[in-house]
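Structure below is input-v3.csv: CSV, C-alpha atoms and all ligand atoms.
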chain,number,residue,atom,x,y,z
K,1,MET,CA,-2.9,-43.1,-57.8
K,2,GLU,CA,-5.7,-41.8,-55.6
K,3,THR,CA,-4.5,-40.7,-52.2
K,4,LYS,CA,-6.9,-41.2,-49.3
K,5,TYR,CA,-6.7,-38.4,-46.7
K,6,LEU,CA,-7.7,-39.4,-43.2
K,7,ASN,CA,-8.1,-37.1,-40.2
K,8,LEU,CA,-6.9,-39.1,-37.3
K,9,GLN,CA,-8.4,-36.8,-34.8
K,10,GLN,CA,-11.8,-37.9,-36.0
K,11,ASP,CA,-11.8,-41.7,-36.7
K,12,LYS,CA,-8.7,-43.4,-35.3
K,13,LYS,CA,-9.6,-47.1,-35.2
K,14,THR,CA,-10.9,-47.7,-38.8
K,15,SER,CA,-8.3,-45.3,-40.2
K,16,LEU,CA,-5.5,-47.3,-38.6
K,17,LYS,CA,-6.9,-50.6,-39.8
K,18,MET,CA,-7.1,-49.4,-43.4
K,19,ALA,CA,-3.6,-47.8,-43.3
K,20,GLY,CA,-2.1,-50.9,-41.7
K,21,GLN,CA,-3.7,-53.0,-44.4
K,22,ALA,CA,-2.1,-50.7,-47.0
K,23,ILE,CA,1.3,-51.3,-45.5
K,24,GLN,CA,0.7,-55.1,-45.6
K,25,ASN,CA,-0.2,-54.8,-49.2
K,26,ASN,CA,3.1,-53.0,-49.9
K,27,GLY,CA,1.6,-49.5,-50.3
K,28,LEU,CA,2.8,-46.2,-48.9
K,29,VAL,CA,1.4,-44.4,-45.9
K,30,ILE,CA,2.3,-40.9,-44.5
K,31,PHE,CA,1.9,-41.1,-40.7
K,32,PRO,CA,2.7,-38.9,-37.7
K,33,THR,CA,5.5,-39.5,-35.2
K,34,GLU,CA,6.5,-37.2,-32.3
K,35,THR,CA,9.5,-35.9,-34.3
K,36,VAL,CA,8.3,-35.3,-37.9
K,37,TYR,CA,5.9,-37.1,-40.3
K,38,GLY,CA,7.2,-40.3,-42.0
K,39,ILE,CA,6.5,-41.8,-45.4
K,40,GLY,CA,6.2,-45.5,-44.5
K,41,ALA,CA,6.3,-48.9,-46.2
K,42,ASN,CA,6.6,-52.5,-45.3
K,43,GLY,CA,10.2,-52.6,-44.1
K,44,LEU,CA,10.7,-56.3,-45.0
K,45,ASN,CA,9.6,-56.0,-48.6
K,46,SER,CA,12.1,-54.5,-51.0
K,47,GLU,CA,9.5,-53.6,-53.7
K,48,ALA,CA,7.5,-51.6,-51.1
K,49,VAL,CA,10.7,-49.9,-49.9
K,50,ALA,CA,11.6,-49.0,-53.5
K,51,LYS,CA,8.4,-47.0,-53.7
K,52,ILE,CA,9.6,-44.7,-50.9
K,53,PHE,CA,12.8,-43.8,-52.8
K,54,ILE,CA,10.7,-43.0,-56.0
K,55,ALA,CA,8.1,-40.9,-54.1
K,56,LYS,CA,10.7,-38.8,-52.4
K,57,GLY,CA,13.3,-38.7,-55.2
K,58,ARG,CA,15.8,-40.0,-52.6
K,59,ASN,CA,19.3,-41.1,-53.4
K,60,PRO,CA,19.4,-45.0,-53.1
K,61,ASN,CA,22.7,-44.6,-51.2
K,62,ASN,CA,20.9,-43.0,-48.2
K,63,PRO,CA,19.6,-45.8,-45.9
K,64,LEU,CA,16.2,-45.8,-44.1
K,65,ILE,CA,15.2,-46.2,-40.5
K,66,LEU,CA,13.0,-49.2,-39.5
K,67,HIS,CA,10.3,-48.2,-37.0
K,68,ILE,CA,9.2,-50.9,-34.5
K,69,SER,CA,6.5,-51.1,-31.8
K,70,ASP,CA,8.2,-53.6,-29.4
K,71,PHE,CA,11.4,-55.5,-28.6
K,72,ASN,CA,10.3,-58.7,-30.3
K,73,MET,CA,10.4,-56.9,-33.6
K,74,LEU,CA,13.9,-55.7,-32.8
K,75,ASP,CA,15.0,-59.4,-32.6
K,76,THR,CA,13.7,-60.2,-36.1
K,77,ILE,CA,15.8,-57.5,-37.7
K,78,THR,CA,19.0,-57.1,-35.7
K,79,GLN,CA,21.7,-59.2,-34.0
K,80,ASN,CA,24.7,-59.1,-31.6
K,81,ILE,CA,23.4,-56.3,-29.5
K,82,SER,CA,25.6,-55.1,-26.7
K,83,THR,CA,24.6,-54.4,-23.1
K,84,LEU,CA,25.2,-50.7,-23.6
K,85,GLU,CA,23.1,-50.7,-26.8
K,86,TYR,CA,20.2,-52.3,-24.8
K,87,LYS,CA,20.6,-49.9,-22.0
K,88,LEU,CA,20.3,-46.9,-24.4
K,89,MET,CA,17.2,-48.4,-26.1
K,90,LYS,CA,15.5,-49.2,-22.8
K,91,THR,CA,16.2,-45.6,-21.6
K,92,PHE,CA,15.2,-43.6,-24.7
K,93,TRP,CA,12.5,-45.8,-26.3
K,94,PRO,CA,9.8,-45.1,-27.2
K,95,GLY,CA,11.3,-41.8,-28.2
K,96,PRO,CA,13.3,-39.6,-30.6
K,97,PHE,CA,16.3,-41.9,-30.6
K,98,THR,CA,17.6,-44.0,-33.5
K,99,ILE,CA,20.3,-46.6,-33.0
K,100,ILE,CA,22.4,-48.2,-35.7
K,101,LEU,CA,22.7,-52.0,-35.2
K,102,PRO,CA,24.1,-55.0,-37.0
K,103,ARG,CA,21.3,-56.2,-39.2
K,104,LYS,CA,19.9,-59.7,-40.0
K,105,LYS,CA,19.6,-60.9,-43.6
K,106,ILE,CA,15.8,-60.5,-43.5
K,107,VAL,CA,16.3,-56.7,-43.9
K,108,PRO,CA,16.2,-55.8,-47.6
K,109,ASN,CA,19.4,-54.3,-49.1
K,110,ASN,CA,17.6,-51.2,-50.2
K,111,VAL,CA,16.6,-50.3,-46.6
K,112,THR,CA,20.2,-50.2,-45.6
K,113,ALA,CA,21.7,-49.0,-48.8
K,114,ASN,CA,23.7,-52.3,-48.8
K,115,LEU,CA,25.3,-51.5,-45.4
K,116,GLU,CA,25.6,-54.3,-42.8
K,117,THR,CA,23.9,-52.2,-40.2
K,118,VAL,CA,20.3,-50.9,-39.9
K,119,GLY,CA,18.9,-47.8,-38.1
K,120,VAL,CA,16.0,-48.7,-35.7
K,121,ARG,CA,13.6,-46.5,-33.8
K,122,MET,CA,10.6,-47.0,-31.6
K,123,PRO,CA,8.6,-43.8,-31.9
K,124,ASN,CA,6.7,-42.2,-29.0
K,125,ASN,CA,3.5,-41.6,-30.8
K,126,ASN,CA,0.4,-43.8,-30.3
K,127,ILE,CA,-0.7,-43.5,-33.9
K,128,ALA,CA,2.7,-44.6,-35.2
K,129,LEU,CA,2.9,-47.5,-32.7
K,130,ASN,CA,-0.6,-48.7,-33.5
K,131,LEU,CA,0.0,-48.4,-37.2
K,132,ILE,CA,3.1,-50.6,-36.8
K,133,LYS,CA,1.1,-53.1,-34.8
K,134,GLU,CA,-1.7,-53.2,-37.4
K,135,ALA,CA,0.8,-53.7,-40.2
K,136,ASN,CA,2.6,-56.3,-38.0
K,137,VAL,CA,5.9,-55.5,-39.7
K,138,PRO,CA,8.7,-53.0,-39.0
K,139,ILE,CA,7.8,-49.8,-41.0
K,140,ALA,CA,10.7,-48.3,-43.1
K,141,ALA,CA,10.2,-44.5,-43.1
K,142,PRO,CA,12.2,-41.5,-43.9
K,143,SER,CA,10.9,-38.0,-43.1
K,144,ALA,CA,7.9,-37.0,-45.3
K,145,ASN,CA,9.4,-34.4,-47.6
K,146,LEU,CA,10.8,-34.4,-51.2
K,147,SER,CA,14.5,-35.2,-50.9
K,148,GLY,CA,16.5,-32.1,-50.0
K,149,LYS,CA,13.5,-30.1,-48.7
K,150,PRO,CA,12.8,-29.3,-45.1
K,151,SER,CA,11.2,-32.2,-43.2
K,152,GLY,CA,7.4,-32.2,-43.0
K,153,THR,CA,6.0,-31.5,-39.5
K,154,ASN,CA,2.3,-30.9,-40.6
K,155,ILE,CA,0.3,-32.1,-43.5
K,156,LYS,CA,-0.5,-28.7,-44.9
K,157,ASP,CA,3.2,-28.2,-45.6
K,158,ILE,CA,3.6,-31.5,-47.5
K,159,PHE,CA,0.2,-32.3,-49.0
K,160,ASP,CA,1.1,-31.1,-52.5
K,161,GLU,CA,4.4,-32.9,-52.4
K,162,PHE,CA,2.7,-36.3,-51.9
K,163,ASN,CA,-0.9,-36.1,-53.0
K,164,GLY,CA,-1.3,-38.8,-55.7
K,165,LYS,CA,2.0,-40.5,-54.8
K,166,VAL,CA,0.9,-42.4,-51.6
K,167,ASP,CA,-2.0,-44.6,-50.6
K,168,TYR,CA,-2.9,-42.9,-47.3
K,169,ILE,CA,-2.1,-39.6,-45.6
K,170,LEU,CA,-2.8,-39.8,-41.8
K,171,ASP,CA,-3.3,-36.2,-40.5
K,172,ASN,CA,-2.7,-35.8,-36.8
K,173,GLY,CA,-1.9,-32.1,-36.6
K,174,ASP,CA,1.5,-30.6,-35.8
K,175,CYS,CA,4.4,-32.9,-34.6
K,176,LEU,CA,5.4,-32.3,-31.0
K,177,ILE,CA,9.1,-32.1,-31.4
K,178,GLY,CA,9.5,-30.8,-35.0
K,179,LEU,CA,13.0,-32.1,-35.8
K,180,GLU,CA,14.2,-35.6,-36.5
K,181,SER,CA,15.5,-38.2,-34.0
K,182,THR,CA,19.0,-38.3,-32.6
K,183,VAL,CA,20.9,-41.0,-34.6
K,184,VAL,CA,23.5,-42.9,-32.6
K,185,ARG,CA,26.0,-45.7,-33.3
K,186,VAL,CA,27.9,-47.4,-30.5
K,187,ILE,CA,31.6,-48.0,-31.5
K,188,ASP,CA,34.0,-49.7,-29.0
K,189,ASN,CA,31.4,-49.0,-26.3
K,190,VAL,CA,31.3,-45.3,-27.0
K,191,PRO,CA,28.0,-43.8,-28.4
K,192,HIS,CA,28.7,-41.6,-31.4
K,193,ILE,CA,26.1,-39.1,-32.3
K,194,LEU,CA,25.8,-39.1,-36.1
K,195,ARG,CA,22.8,-36.8,-36.2
K,196,PRO,CA,21.8,-34.6,-33.2
K,197,GLY,CA,18.2,-34.4,-32.1
K,198,LYS,CA,15.9,-34.0,-29.1
K,199,ILE,CA,17.9,-36.6,-27.1
K,200,THR,CA,21.0,-34.5,-26.2
K,201,PRO,CA,24.7,-35.5,-25.9
K,202,GLU,CA,24.4,-34.8,-22.1
K,203,GLN,CA,21.5,-37.2,-21.7
K,204,ILE,CA,23.4,-40.0,-23.6
K,205,LYS,CA,26.6,-39.3,-21.6
K,206,LYS,CA,24.6,-39.7,-18.4
K,207,ILE,CA,23.7,-43.3,-19.4
K,208,ALA,CA,26.9,-44.4,-21.1
K,209,GLY,CA,29.5,-42.4,-19.1
K,210,CYS,CA,30.9,-41.0,-22.4
K,211,VAL,CA,29.7,-39.6,-25.8
K,212,GLN,CA,31.3,-38.6,-29.1
K,213,ILE,CA,29.9,-36.0,-31.4
K,214,ASP,CA,30.6,-36.6,-35.0
K,215,LYS,CA,32.6,-33.6,-36.3
K,216,HIS,CA,30.4,-33.4,-39.4
K,217,ILE,CA,27.4,-32.2,-37.4
K,218,LEU,CA,28.5,-28.6,-37.7
K,219,GLY,CA,31.2,-29.1,-40.5
K,220,LYS,CA,31.2,-30.0,-44.1
K,221,TYR,CA,32.3,-33.4,-45.5
K,222,THR,CA,35.3,-33.2,-47.8
K,223,SER,CA,34.9,-35.3,-50.9
K,224,ASN,CA,37.1,-38.3,-49.9
K,225,GLU,CA,36.2,-38.7,-46.2
K,226,PRO,CA,34.5,-42.0,-45.1
K,227,VAL,CA,30.9,-41.3,-44.2
K,228,ALA,CA,29.4,-42.5,-40.9
K,229,SER,CA,25.9,-41.5,-41.7
K,230,PRO,CA,25.2,-41.1,-45.5
K,231,GLY,CA,22.3,-38.7,-44.9
K,232,MET,CA,24.6,-36.1,-43.5
K,233,LYS,CA,26.4,-35.6,-46.8
K,234,PHE,CA,23.4,-34.9,-49.0
K,235,ARG,CA,22.1,-31.4,-49.6
K,236,HIS,CA,19.2,-31.0,-47.1
K,237,TYR,CA,16.8,-28.5,-45.7
K,238,ALA,CA,18.0,-25.6,-48.0
K,239,PRO,CA,15.3,-23.3,-49.4
K,240,LYS,CA,15.9,-22.0,-53.0
K,241,THR,CA,16.7,-18.6,-51.7
K,242,LYS,CA,20.3,-18.1,-50.5
K,243,CYS,CA,20.5,-18.3,-46.7
K,244,LYS,CA,23.2,-17.2,-44.2
K,245,LEU,CA,23.4,-18.2,-40.6
K,246,PHE,CA,24.8,-16.0,-37.8
K,247,TYR,CA,25.6,-16.6,-34.1
K,248,SER,CA,27.1,-14.5,-31.3
K,249,ASN,CA,27.2,-14.8,-27.5
K,250,ASN,CA,26.5,-11.1,-27.5
K,251,ASN,CA,22.9,-10.3,-28.6
K,252,ASP,CA,23.8,-6.7,-29.6
K,253,SER,CA,26.6,-7.8,-32.0
K,254,LEU,CA,24.3,-10.4,-33.5
K,255,ILE,CA,21.6,-7.8,-34.3
K,256,LYS,CA,24.2,-5.3,-35.5
K,257,THR,CA,25.9,-7.8,-37.8
K,258,ILE,CA,22.7,-9.1,-39.3
K,259,GLN,CA,21.3,-5.6,-39.9
K,260,GLU,CA,24.6,-4.6,-41.6
K,261,PHE,CA,24.3,-7.6,-44.0
K,262,ALA,CA,20.6,-6.6,-44.6
K,263,ASN,CA,21.6,-3.0,-45.4
K,264,LYS,CA,24.3,-4.1,-47.7
K,265,ASN,CA,22.0,-6.4,-49.6
K,266,GLY,CA,19.2,-3.9,-49.6
K,267,ILE,CA,16.5,-4.2,-46.9
K,268,ASN,CA,13.8,-4.7,-49.5
K,269,ASN,CA,15.5,-7.8,-50.9
K,270,THR,CA,16.2,-9.3,-47.5
K,271,LEU,CA,14.3,-11.6,-45.2
K,272,ILE,CA,15.4,-12.1,-41.6
K,273,ILE,CA,14.5,-15.1,-39.4
K,274,SER,CA,14.7,-13.8,-35.9
K,275,SER,CA,14.2,-14.9,-32.3
K,276,LYS,CA,10.9,-13.6,-30.8
K,277,GLU,CA,12.9,-11.2,-28.6
K,278,ASN,CA,14.7,-9.6,-31.5
K,279,VAL,CA,11.9,-9.3,-34.1
K,280,SER,CA,11.2,-5.6,-33.4
K,281,LYS,CA,14.9,-4.7,-33.6
K,282,TYR,CA,15.4,-5.3,-37.4
K,283,ASN,CA,14.6,-3.4,-40.5
K,284,ALA,CA,14.0,-5.7,-43.5
K,285,ASN,CA,11.4,-6.7,-46.2
K,286,THR,CA,10.1,-9.5,-44.0
K,287,ILE,CA,11.0,-10.7,-40.5
K,288,LEU,CA,9.8,-14.2,-39.5
K,289,ASP,CA,9.6,-15.1,-35.8
K,290,ILE,CA,11.2,-18.6,-35.2
K,291,GLY,CA,10.4,-18.7,-31.4
K,292,SER,CA,11.9,-17.5,-28.2
K,293,LYS,CA,15.7,-17.9,-27.9
K,294,ASN,CA,15.0,-19.0,-24.3
K,295,ASN,CA,12.8,-21.8,-25.4
K,296,LEU,CA,14.7,-24.2,-27.8
K,297,ASP,CA,11.7,-26.6,-27.8
K,298,GLU,CA,9.7,-23.8,-29.5
K,299,ILE,CA,12.4,-23.1,-32.0
K,300,SER,CA,12.7,-26.8,-32.8
K,301,LYS,CA,9.0,-27.0,-33.4
K,302,ASN,CA,9.0,-24.1,-35.8
K,303,ILE,CA,12.2,-24.6,-37.7
K,304,PHE,CA,11.0,-26.5,-40.7
K,305,THR,CA,7.7,-24.7,-41.2
K,306,THR,CA,9.7,-21.4,-41.1
K,307,LEU,CA,12.3,-22.6,-43.6
K,308,ARG,CA,9.4,-23.8,-45.9
K,309,LYS,CA,8.0,-20.3,-45.9
K,310,VAL,CA,11.0,-18.3,-47.1
K,311,ASP,CA,10.7,-19.0,-50.9
K,312,LYS,CA,7.2,-17.5,-50.9
K,313,TYR,CA,8.6,-14.0,-50.4
K,314,ASN,CA,10.1,-11.9,-53.1
K,315,VAL,CA,13.7,-11.6,-51.7
K,316,ASN,CA,17.2,-12.8,-52.7
K,317,LEU,CA,18.8,-13.3,-49.3
K,318,VAL,CA,17.7,-14.8,-46.0
K,319,LEU,CA,19.6,-14.0,-42.8
K,320,ILE,CA,19.0,-16.4,-39.9
K,321,GLU,CA,19.8,-16.0,-36.2
K,322,GLY,CA,21.4,-19.1,-34.8
K,323,VAL,CA,21.4,-20.4,-31.2
K,324,LYS,CA,24.1,-21.7,-28.9
K,325,ALA,CA,25.1,-25.1,-30.3
K,326,GLU,CA,24.6,-27.1,-27.1
K,327,GLY,CA,21.8,-29.4,-25.8
K,328,LEU,CA,18.9,-29.2,-28.2
K,329,GLY,CA,20.7,-26.2,-29.7
K,330,LEU,CA,23.2,-28.6,-31.4
K,331,ALA,CA,20.3,-30.2,-33.4
K,332,ILE,CA,18.9,-26.8,-34.3
K,333,MET,CA,22.3,-25.5,-35.5
K,334,ASN,CA,22.9,-28.7,-37.5
K,335,ARG,CA,19.6,-28.2,-39.4
K,336,LEU,CA,20.2,-24.4,-39.9
K,337,ILE,CA,23.8,-24.8,-41.0
K,338,ARG,CA,22.7,-27.3,-43.6
K,339,ALA,CA,19.8,-25.1,-44.7
K,340,CYS,CA,22.4,-22.3,-45.2
K,341,GLU,CA,24.7,-24.8,-47.1
K,342,TYR,CA,27.5,-24.0,-44.5
K,343,ASN,CA,27.3,-20.3,-45.0
K,344,TYR,CA,27.9,-19.5,-41.3
K,345,ILE,CA,29.3,-16.4,-39.6
K,346,GLU,CA,30.2,-16.2,-35.9
K,347,CYS,CA,30.2,-12.6,-34.8
K,401,LIG,O1,12.8,-38.7,-36.5
K,401,LIG,C1,13.2,-39.4,-37.4
K,401,LIG,O2,14.2,-40.0,-37.4
K,401,LIG,C2,12.3,-39.4,-38.7
K,401,LIG,C3,10.9,-40.1,-38.3
K,401,LIG,C4,10.0,-40.3,-39.5
K,401,LIG,O3,11.2,-41.3,-37.7
K,401,LIG,N1,12.9,-40.1,-39.8
K,401,LIG,C5,14.0,-39.6,-40.4
K,401,LIG,O4,14.5,-40.4,-41.5
K,401,LIG,O5,14.5,-38.5,-40.2
K,401,LIG,P1,15.5,-39.9,-42.6
K,401,LIG,O6,15.5,-41.0,-43.6
K,401,LIG,O7,15.0,-38.6,-43.1
K,401,LIG,O8,16.8,-39.8,-41.9
K,401,LIG,C6,17.5,-41.0,-41.5
K,401,LIG,C7,19.0,-40.7,-41.2
K,401,LIG,C8,19.7,-40.4,-42.4
K,401,LIG,O9,20.6,-39.4,-42.1
K,401,LIG,C9,20.5,-41.7,-42.7
K,401,LIG,O10,21.6,-41.6,-43.5
K,401,LIG,C10,20.7,-42.3,-41.3
K,401,LIG,O11,19.6,-41.9,-40.6
K,401,LIG,N2,20.9,-43.7,-41.3
K,401,LIG,C11,19.9,-44.7,-41.6
K,401,LIG,N3,20.4,-45.9,-41.5
K,401,LIG,C12,21.7,-45.8,-41.3
K,401,LIG,C13,22.8,-46.7,-41.1
K,401,LIG,N4,22.6,-48.0,-41.3
K,401,LIG,N5,24.0,-46.2,-40.9
K,401,LIG,C14,24.2,-44.9,-40.7
K,401,LIG,N6,23.2,-43.9,-40.8
K,401,LIG,C15,22.0,-44.4,-41.1
K,402,MG,MG,15.0,-36.7,-43.9
In structure tokens, how does this file's structure come out?
Amino acid sequence: METKYLNLQQDKKTSLKMAGQAIQNNGLVIFPTETVYGIGANGLNSEAVAKIFIAKGRNPNNPLILHISDFNMLDTITQNISTLEYKLMKTFWPGPFTIILPRKKIVPNNVTANLETVGVRMPNNNIALNLIKEANVPIAAPSANLSGKPSGTNIKDIFDEFNGKVDYILDNGDCLIGLESTVVRVIDNVPHILRPGKITPEQIKKIAGCVQIDKHILGKYTSNEPVASPGMKFRHYAPKTKCKLFYSNNNDSLIKTIQEFANKNGINNTLIISSKENVSKYNANTILDIGSKNNLDEISKNIFTTLRKVDKYNVNLVLIEGVKAEGLGLAIMNRLIRACEYNYIEC
């Protein structure tokens, strides 16, 4: 298949028309959102949706999010919405917030992996919203990356993964937030965070009065546990090179412990992902700056691009500085812990 690459910073209107038409014709379009790029298809057509799973190599048991541009679209795909659920949507939409709701029959089974619920999000990005309007259907879209790989936050990182597999790539530069939306399900009037993101537990608690954080956000699923959000149990974000995550409240112990691991492994064989403040304090083959530890927005923006770089260096171990797991730091630690396949040391 020939993929058409369109630079949205140049010719928005006609590009969106053509891409919207491609969605209507059951094709695939890579498009920007404020969180990460999505690989989208007509969310009401099972054949179109099936193409997403093939292009990504995604497990069919992992359900997709439907992206909508207004509340009328919400009514076509969901039912029995509670007052609290509406309140959360009105507060956080458009934005990096996905809510799991009872679905209507019109939603194809392969969108929801046969679940009776569907994840819905109204993104806060004009290109995404206008693409949905042009297509005039909810757009099913997972993050634009081959399954298991770090999510795509710019086209340069993912072009080779999808060139020839999709109809259109809409390039709009770097995504603003850089990590995926917060996924929430309300159970007995309590919002449960299934995947942490830019919308923090504190912000949700302010609206709902309470919030629950799923214990699997920083911990591994054991084989027989019931799974609230299927995506959390699959291998994700991990580079090929072995990675280890470290965190300490004490910056000196953090540096000391990481340097000791580097020395033991051999500094020539080790790459360190460090906060901006600590870059000059390590001795290793390569030290990558992930952003200031006092600016979690910066780290969240850099996290996936940085993880995508590490396999390009000739090392056998990557040591990563973590952050405090609260606020946006919870989402950052969730992605890093999974990139390290739960190899985590608190020091
Ligand atoms: O920011 C985002 O959410 C991006 C952009 C493109 O919108 N999308 C994204 O999609 O991250 P994806 O497919 O990579 O992650 C969706 C997550 C998965 O962990 C999936 O298991 C969960 O949402 N999910 C989807 N539908 C669900 C459902 N009905 N019940 C529980 N979890 C669900
Ligand atoms: Mg994903």
Could you give me the residues within 8 Å of ligand LIG 401 (chain K), counting only C-alpha atoms and all ligand atoms, as a ChimeraX atom specification? /K:32-39,62-65,67,96-98,100-101,111-113,115-121,123,141-144,151,179-183,185,194-195,228-232
Within 6 Å of segment 330-342 of chain K using all atoms listed in the file, minus same-chain residues under 3 positions, as a ChimeraX atom specification: /K:196-197,217-218,237-238,243-244,325-327
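Using all atoms listed in the file, the shortest contact distance between ligand MG 402 (chain K) and any of K:Ala19, K:Gly152, K:Val107, K:Ser275 is found at K:Gly152.
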Any idea what's packed within 12 Å of Thr241 of chain K, counting all atoms listed in the file, ignoring anything in its chain fewer than 2 positions away? Could you give it as a compact mmCIF listing (two decimals) with C-alpha atoms, in the coordinates of the input?
# COMPACT_ATOMS: atom_id res chain seq x y z
CA TYR K 237 16.80 -28.50 -45.70
CA ALA K 238 18.00 -25.60 -48.00
CA PRO K 239 15.30 -23.30 -49.40
CA CYS K 243 20.50 -18.30 -46.70
CA LYS K 244 23.20 -17.20 -44.20
CA ASN K 269 15.50 -7.80 -50.90
CA THR K 270 16.20 -9.30 -47.50
CA LEU K 271 14.30 -11.60 -45.20
CA LEU K 307 12.30 -22.60 -43.60
CA ARG K 308 9.40 -23.80 -45.90
CA LYS K 309 8.00 -20.30 -45.90
CA VAL K 310 11.00 -18.30 -47.10
CA ASP K 311 10.70 -19.00 -50.90
CA LYS K 312 7.20 -17.50 -50.90
CA TYR K 313 8.60 -14.00 -50.40
CA ASN K 314 10.10 -11.90 -53.10
CA VAL K 315 13.70 -11.60 -51.70
CA ASN K 316 17.20 -12.80 -52.70
CA LEU K 317 18.80 -13.30 -49.30
CA VAL K 318 17.70 -14.80 -46.00
CA LEU K 319 19.60 -14.00 -42.80
CA ALA K 339 19.80 -25.10 -44.70
CA CYS K 340 22.40 -22.30 -45.20
CA GLU K 341 24.70 -24.80 -47.10
What's around Ile299 of chain K at 10 Å? Count all atoms listed in the file, leave out sequence neighbours fewer than 3 positions away in its own chain, and write the answer as a short mmCIF file (atom, residue, chain, number, x, y, z; two decimals) with C-alpha atoms, in the frame of the given file.
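Output (out_0.cif):
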data_model
loop_
_atom_site.label_atom_id
_atom_site.label_comp_id
_atom_site.auth_asym_id
_atom_site.auth_seq_id
_atom_site.Cartn_x
_atom_site.Cartn_y
_atom_site.Cartn_z
CA ILE K 177 9.10 -32.10 -31.40
CA GLY K 178 9.50 -30.80 -35.00
CA LEU K 179 13.00 -32.10 -35.80
CA SER K 275 14.20 -14.90 -32.30
CA LYS K 276 10.90 -13.60 -30.80
CA ASP K 289 9.60 -15.10 -35.80
CA ILE K 290 11.20 -18.60 -35.20
CA GLY K 291 10.40 -18.70 -31.40
CA SER K 292 11.90 -17.50 -28.20
CA LYS K 293 15.70 -17.90 -27.90
CA ASN K 294 15.00 -19.00 -24.30
CA ASN K 295 12.80 -21.80 -25.40
CA LEU K 296 14.70 -24.20 -27.80
CA ASN K 302 9.00 -24.10 -35.80
CA ILE K 303 12.20 -24.60 -37.70
CA PHE K 304 11.00 -26.50 -40.70
CA THR K 306 9.70 -21.40 -41.10
CA VAL K 323 21.40 -20.40 -31.20
CA LEU K 328 18.90 -29.20 -28.20
CA GLY K 329 20.70 -26.20 -29.70
CA ILE K 332 18.90 -26.80 -34.30
#
I need the residue nearest Lys205 of chain K from this list: K:Leu176, K:Asn189, K:Arg235, K:Gly219. Use all atoms listed in the file for the distance. K:Asn189
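Of the listed residues (K:Ile52, K:Val186, K:Ile106, K:Ile81), K:Ile52 comes nearest to ligand MG 402 (chain K); the distances count only C-alpha atoms and all ligand atoms.
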Between K:Val190, K:Leu146, K:Ile272, K:Val29, which has the minimum distance to ligand MG 402 (chain K) (counting all atoms listed in the file)?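 Answer, going by the shortest atom-to-atom distance: K:Leu146.
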Once you add 5 Å to each side, what are the centre and edge lengths of the axis-aligned box holding all listed atoms of segment 303-309 of chain K? One decimal in Å, as JSON, if you can.
{"center_x": 10.0, "center_y": -23.4, "center_z": -41.8, "size_x": 14.6, "size_y": 16.2, "size_z": 18.2}
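Minimum distance to ligand MG 402 (chain K) across K:Lys233, K:Lys165, K:Lys13, K:Lys4 (counting only C-alpha atoms and all ligand atoms) occurs at K:Lys233.
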Which one is closest to ligand MG 402 (chain K): K:Gly148, K:Leu8, K:Asn130, K:Ile204? Count all atoms listed in the file.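 Smallest separation from ligand MG 402 (chain K) among the options: K:Gly148.
Neighbours of Ile213 of chain K closer than or equal to 8 Å, with all atoms listed in the file counted and sequence neighbours fewer than 6 positions away skipped, come out as His192, Ile193, Leu194 and Pro201 of chain K.
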With only C-alpha atoms as the counted atoms, please give the residues lying no more than 12 Å from Lys51 of chain K, apart from itself and same-chain residues fewer than 4 positions off, as a VMD selection string. chain K and resid 23 26 to 29 39 to 43 45 to 47 55 to 58 60 110 to 111 140 to 142 165 to 167
Go through segment 267-310 of chain K and flag each residue having an atom no more than 10 Å from segment 251-259 of chain K; for those, report the closest pair of atoms plus their distance in Å to one decimal, using all atoms listed in the file, ordered by chain and rising number, as a Markdown table.
| residue | atom | partner | partner_atom | distance |
| --- | --- | --- | --- | --- |
| K:Ile267 | CA | K:Gln259 | CA | 8.6 |
| K:Thr270 | CA | K:Gln259 | CA | 9.9 |
| K:Ile272 | CA | K:Ile258 | CA | 8.2 |
| K:Ser274 | CA | K:Ile255 | CA | 9.3 |
| K:Asn278 | CA | K:Ile255 | CA | 7.7 |
| K:Val279 | CA | K:Ile255 | CA | 9.8 |
| K:Lys281 | CA | K:Ile255 | CA | 7.4 |
| K:Tyr282 | CA | K:Gln259 | CA | 6.4 |
| K:Asn283 | CA | K:Gln259 | CA | 7.1 |
| K:Ala284 | CA | K:Gln259 | CA | 8.1 |
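The space between atom CA of Met1 of chain K and atom CA of Phe159 of chain K spans 14.3 Å.
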What is the atom CA of Glu346 of chain K to atom CA of Cys210 of chain K distance in Å? 28.2 Å
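Atom CA of Lys215 of chain K is positioned 13.5 Å from atom CA of Val184 of chain K.
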Complete the atoms of segment 162-166 of chain K to N, CA and C atoms and put them out as a PDB file, keeping the file's coordinate frame.
ATOM      1  N   PHE K 162       3.008 -34.879 -51.927  1.00  0.00           N
ATOM      2  CA  PHE K 162       2.700 -36.300 -51.900  1.00  0.00           C
ATOM      3  C   PHE K 162       1.339 -36.735 -52.374  1.00  0.00           C
ATOM      4  N   ASN K 163       0.451 -35.770 -52.568  1.00  0.00           N
ATOM      5  CA  ASN K 163      -0.900 -36.100 -53.000  1.00  0.00           C
ATOM      6  C   ASN K 163      -0.800 -36.828 -54.358  1.00  0.00           C
ATOM      7  N   GLY K 164      -1.386 -38.021 -54.457  1.00  0.00           N
ATOM      8  CA  GLY K 164      -1.300 -38.800 -55.700  1.00  0.00           C
ATOM      9  C   GLY K 164      -0.136 -39.738 -55.784  1.00  0.00           C
ATOM     10  N   LYS K 165       0.769 -39.643 -54.786  1.00  0.00           N
ATOM     11  CA  LYS K 165       2.000 -40.500 -54.800  1.00  0.00           C
ATOM     12  C   LYS K 165       1.924 -41.590 -53.709  1.00  0.00           C
ATOM     13  N   VAL K 166       1.009 -41.452 -52.736  1.00  0.00           N
ATOM     14  CA  VAL K 166       0.900 -42.400 -51.600  1.00  0.00           C
ATOM     15  C   VAL K 166      -0.495 -42.909 -51.488  1.00  0.00           C
TER      16      VAL K 166
END
